[in-house]
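Each remark here refers to the structure printed beneath this line.
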Amino acid sequence: PSTFPARLRLRLFVDFPILIRTKKFVKHTKILATFGPAIDDPDRLRELVSAGVNLFRVNCSHGESADFCRAAATIRQATARACFPIGLL
(Lines give C-alpha, C1' and ligand atoms only; values in the text may rest on other atoms or scores of the structure.)
Protein backbone atom coordinates (compact mmCIF):
# COMPACT_ATOMS: atom_id res chain seq x y z
CA PRO A 1 0.00 0.00 0.00
CA SER A 2 1.16 3.48 -0.84
CA THR A 3 1.91 5.99 1.89
CA PHE A 4 0.73 8.91 -0.24
CA PRO A 5 -2.89 10.09 -0.38
CA ALA A 6 -4.91 8.61 -3.24
CA ARG A 7 -6.09 12.09 -4.25
CA LEU A 8 -2.49 13.20 -4.82
CA ARG A 9 -1.51 10.03 -6.70
CA LEU A 10 -4.53 10.32 -8.98
CA ARG A 11 -3.87 13.99 -9.70
CA LEU A 12 -0.24 13.36 -10.62
CA PHE A 13 -0.88 10.31 -12.80
CA VAL A 14 -3.91 11.75 -14.58
CA ASP A 15 -3.39 15.51 -14.78
CA PHE A 16 0.36 15.87 -15.27
CA PRO A 17 0.64 14.20 -18.69
CA ILE A 18 -2.25 16.29 -20.01
CA LEU A 19 -0.94 19.53 -18.53
CA ILE A 20 2.57 18.95 -19.82
CA ARG A 21 1.40 18.06 -23.33
CA THR A 22 -0.78 21.16 -23.54
CA LYS A 23 1.92 23.32 -21.88
CA LYS A 24 -0.67 24.81 -19.53
CA PHE A 25 1.39 23.87 -16.50
CA VAL A 26 5.05 24.47 -15.81
CA LYS A 27 6.46 23.28 -12.52
CA HIS A 28 9.12 25.72 -11.34
CA THR A 29 9.54 24.28 -7.85
CA LYS A 30 12.00 21.44 -7.46
CA ILE A 31 11.35 18.74 -4.89
CA LEU A 32 14.57 17.04 -3.88
CA ALA A 33 14.92 13.59 -2.29
CA THR A 34 18.18 12.13 -1.05
CA PHE A 35 18.73 8.58 -2.29
CA GLY A 36 19.60 6.12 0.46
CA PRO A 37 18.69 2.78 2.01
CA ALA A 38 15.13 3.92 2.84
CA ILE A 39 14.30 4.51 -0.84
CA ASP A 40 16.61 1.97 -2.48
CA ASP A 41 13.61 0.18 -3.98
CA PRO A 42 12.30 1.00 -7.50
CA ASP A 43 8.69 0.88 -6.28
CA ARG A 44 9.45 3.38 -3.53
CA LEU A 45 11.22 5.65 -6.04
CA ARG A 46 8.15 5.55 -8.30
CA GLU A 47 5.96 6.48 -5.33
CA LEU A 48 8.13 9.50 -4.64
CA VAL A 49 7.99 10.59 -8.27
CA SER A 50 4.20 10.22 -8.24
CA ALA A 51 4.17 12.44 -5.14
CA GLY A 52 6.07 15.17 -7.02
CA VAL A 53 9.78 14.53 -6.49
CA ASN A 54 11.65 15.65 -9.59
CA LEU A 55 15.26 15.57 -8.42
CA PHE A 56 17.24 12.85 -6.64
CA ARG A 57 20.49 13.50 -4.80
CA VAL A 58 23.05 10.76 -4.23
CA ASN A 59 25.26 11.37 -1.19
CA CYS A 60 28.81 10.61 -2.31
CA SER A 61 30.41 11.15 1.11
CA HIS A 62 30.23 7.47 2.00
CA GLY A 63 30.64 4.45 -0.23
CA GLU A 64 32.56 3.66 -3.37
CA SER A 65 32.11 4.60 -7.00
CA ALA A 66 30.38 1.28 -7.75
CA ASP A 67 27.73 2.17 -5.15
CA PHE A 68 27.11 5.53 -6.79
CA CYS A 69 26.85 3.99 -10.26
CA ARG A 70 24.36 1.43 -8.95
CA ALA A 71 22.33 4.20 -7.29
CA ALA A 72 22.24 6.23 -10.50
CA ALA A 73 21.22 3.18 -12.54
CA THR A 74 18.46 2.33 -10.05
CA ILE A 75 17.10 5.88 -10.15
CA ARG A 76 17.20 6.04 -13.96
CA GLN A 77 15.53 2.65 -14.34
CA ALA A 78 12.79 3.39 -11.82
CA THR A 79 12.00 6.84 -13.23
CA ALA A 80 12.28 6.06 -16.94
CA ARG A 81 8.49 6.20 -17.44
CA ALA A 82 7.91 9.43 -15.50
CA CYS A 83 5.82 12.02 -17.29
CA PHE A 84 8.24 14.83 -16.48
CA PRO A 85 12.07 15.05 -16.41
CA ILE A 86 13.76 13.63 -13.32
CA GLY A 87 17.12 15.13 -12.35
CA LEU A 88 20.05 13.36 -10.75
CA LEU A 89 22.46 15.29 -8.56
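Chain labels follow the order of the C-alpha coordinates: the first chain is A, the next B, and so on; residue numbering restarts at 1 in every chain, and ligands are counted from 1 in their shown order.
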List the neighbours of Phe35 in chain A out to 7 Å using only C-alpha atoms; skip same-chain residues closer than 3 positions along the sequence, and give me the result as a PyMOL selection string.
chain A and resi 39-40+56-58
When you look at range 51-55 of chain A with a cut-off of 6 Å (counting only C-alpha atoms), what residues show up, excluding the ones that are within fewer than 4 positions of it in the same chain? I need them as a ChimeraX atom specification.
/A:31-32,86-88
If you count only C-alpha atoms, which residues fall within 12 Å of Asp67 in chain A, apart from same-chain ones fewer than 6 positions away, as a list in words?
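Listing them by chain and then by number gives Phe35, Gly36, Pro37, Asp40, Val58, Asn59, Cys60, Ser61, Ala73 and Thr74 of chain A.
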Dump all heavy atoms for the selected residues as a PDB file, in the first residue's frame?
```pdb
ATOM      1  N   PHE A  35      18.763  10.023  -2.090  1.00  0.00           N
ATOM      2  CA  PHE A  35      18.733   8.580  -2.293  1.00  0.00           C
ATOM      3  C   PHE A  35      19.527   7.906  -1.186  1.00  0.00           C
ATOM      4  O   PHE A  35      20.636   8.308  -0.863  1.00  0.00           O
ATOM      5  CB  PHE A  35      19.344   8.234  -3.656  1.00  0.00           C
ATOM      6  CG  PHE A  35      19.308   6.776  -3.983  1.00  0.00           C
ATOM      7  CD1 PHE A  35      18.180   6.214  -4.540  1.00  0.00           C
ATOM      8  CD2 PHE A  35      20.393   5.966  -3.724  1.00  0.00           C
ATOM      9  CE1 PHE A  35      18.139   4.864  -4.840  1.00  0.00           C
ATOM     10  CE2 PHE A  35      20.368   4.624  -4.019  1.00  0.00           C
ATOM     11  CZ  PHE A  35      19.241   4.073  -4.580  1.00  0.00           C
ATOM     12  N   GLY A  36      18.934   6.867  -0.599  1.00  0.00           N
ATOM     13  CA  GLY A  36      19.604   6.124   0.463  1.00  0.00           C
ATOM     14  C   GLY A  36      18.908   4.799   0.694  1.00  0.00           C
ATOM     15  O   GLY A  36      18.025   4.407  -0.084  1.00  0.00           O
ATOM     16  N   PRO A  37      19.256   4.107   1.750  1.00  0.00           N
ATOM     17  CA  PRO A  37      18.689   2.781   2.010  1.00  0.00           C
ATOM     18  C   PRO A  37      17.166   2.778   2.145  1.00  0.00           C
ATOM     19  O   PRO A  37      16.508   1.812   1.785  1.00  0.00           O
ATOM     20  CB  PRO A  37      19.343   2.358   3.333  1.00  0.00           C
ATOM     21  CG  PRO A  37      20.564   3.190   3.454  1.00  0.00           C
ATOM     22  CD  PRO A  37      20.278   4.466   2.739  1.00  0.00           C
ATOM     23  N   ASP A  40      15.776   2.727  -1.552  1.00  0.00           N
ATOM     24  CA  ASP A  40      16.615   1.966  -2.480  1.00  0.00           C
ATOM     25  C   ASP A  40      15.803   0.948  -3.280  1.00  0.00           C
ATOM     26  O   ASP A  40      16.350   0.043  -3.865  1.00  0.00           O
ATOM     27  CB  ASP A  40      17.730   1.258  -1.700  1.00  0.00           C
ATOM     28  CG  ASP A  40      18.837   0.751  -2.614  1.00  0.00           C
ATOM     29  OD1 ASP A  40      18.796   1.054  -3.811  1.00  0.00           O
ATOM     30  OD2 ASP A  40      19.721   0.043  -2.122  1.00  0.00           O
ATOM     31  N   VAL A  58      22.318  11.916  -4.728  1.00  0.00           N
ATOM     32  CA  VAL A  58      23.054  10.757  -4.227  1.00  0.00           C
ATOM     33  C   VAL A  58      24.201  11.296  -3.379  1.00  0.00           C
ATOM     34  O   VAL A  58      25.043  12.041  -3.869  1.00  0.00           O
ATOM     35  CB  VAL A  58      23.590   9.883  -5.381  1.00  0.00           C
ATOM     36  CG1 VAL A  58      24.402   8.722  -4.845  1.00  0.00           C
ATOM     37  CG2 VAL A  58      22.453   9.385  -6.253  1.00  0.00           C
ATOM     38  N   ASN A  59      24.215  10.931  -2.098  1.00  0.00           N
ATOM     39  CA  ASN A  59      25.263  11.371  -1.189  1.00  0.00           C
ATOM     40  C   ASN A  59      26.536  10.584  -1.477  1.00  0.00           C
ATOM     41  O   ASN A  59      26.585   9.375  -1.289  1.00  0.00           O
ATOM     42  CB  ASN A  59      24.827  11.171   0.262  1.00  0.00           C
ATOM     43  CG  ASN A  59      25.821  11.731   1.249  1.00  0.00           C
ATOM     44  OD1 ASN A  59      26.864  12.223   0.881  1.00  0.00           O
ATOM     45  ND2 ASN A  59      25.487  11.652   2.519  1.00  0.00           N
ATOM     46  N   CYS A  60      27.564  11.270  -1.926  1.00  0.00           N
ATOM     47  CA  CYS A  60      28.815  10.610  -2.306  1.00  0.00           C
ATOM     48  C   CYS A  60      29.871  10.687  -1.203  1.00  0.00           C
ATOM     49  O   CYS A  60      31.040  10.412  -1.447  1.00  0.00           O
ATOM     50  CB  CYS A  60      29.354  11.228  -3.593  1.00  0.00           C
ATOM     51  SG  CYS A  60      28.284  10.968  -5.001  1.00  0.00           S
ATOM     52  N   SER A  61      29.466  11.064   0.005  1.00  0.00           N
ATOM     53  CA  SER A  61      30.411  11.154   1.112  1.00  0.00           C
ATOM     54  C   SER A  61      30.833   9.783   1.618  1.00  0.00           C
ATOM     55  O   SER A  61      31.919   9.627   2.170  1.00  0.00           O
ATOM     56  CB  SER A  61      29.803  11.945   2.271  1.00  0.00           C
ATOM     57  OG  SER A  61      29.551  13.255   1.873  1.00  0.00           O
ATOM     58  N   ALA A  73      21.925   4.107 -11.654  1.00  0.00           N
ATOM     59  CA  ALA A  73      21.215   3.179 -12.540  1.00  0.00           C
ATOM     60  C   ALA A  73      19.841   2.823 -11.982  1.00  0.00           C
ATOM     61  O   ALA A  73      18.858   2.756 -12.733  1.00  0.00           O
ATOM     62  CB  ALA A  73      22.043   1.911 -12.740  1.00  0.00           C
ATOM     63  N   THR A  74      19.750   2.634 -10.676  1.00  0.00           N
ATOM     64  CA  THR A  74      18.463   2.326 -10.049  1.00  0.00           C
ATOM     65  C   THR A  74      17.488   3.479 -10.218  1.00  0.00           C
ATOM     66  O   THR A  74      16.322   3.282 -10.562  1.00  0.00           O
ATOM     67  CB  THR A  74      18.657   2.019  -8.547  1.00  0.00           C
ATOM     68  OG1 THR A  74      19.546   0.915  -8.409  1.00  0.00           O
ATOM     69  CG2 THR A  74      17.334   1.697  -7.874  1.00  0.00           C
TER      70      THR A  74
END
```
So, with only C-alpha atoms as the atoms that count, which of A:Ala78, A:Ala33, A:Ala72, A:Cys83 lies closest to Arg46 in chain A?
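Checking each candidate against Arg46 in chain A, we get A:Ala78 as the closest.
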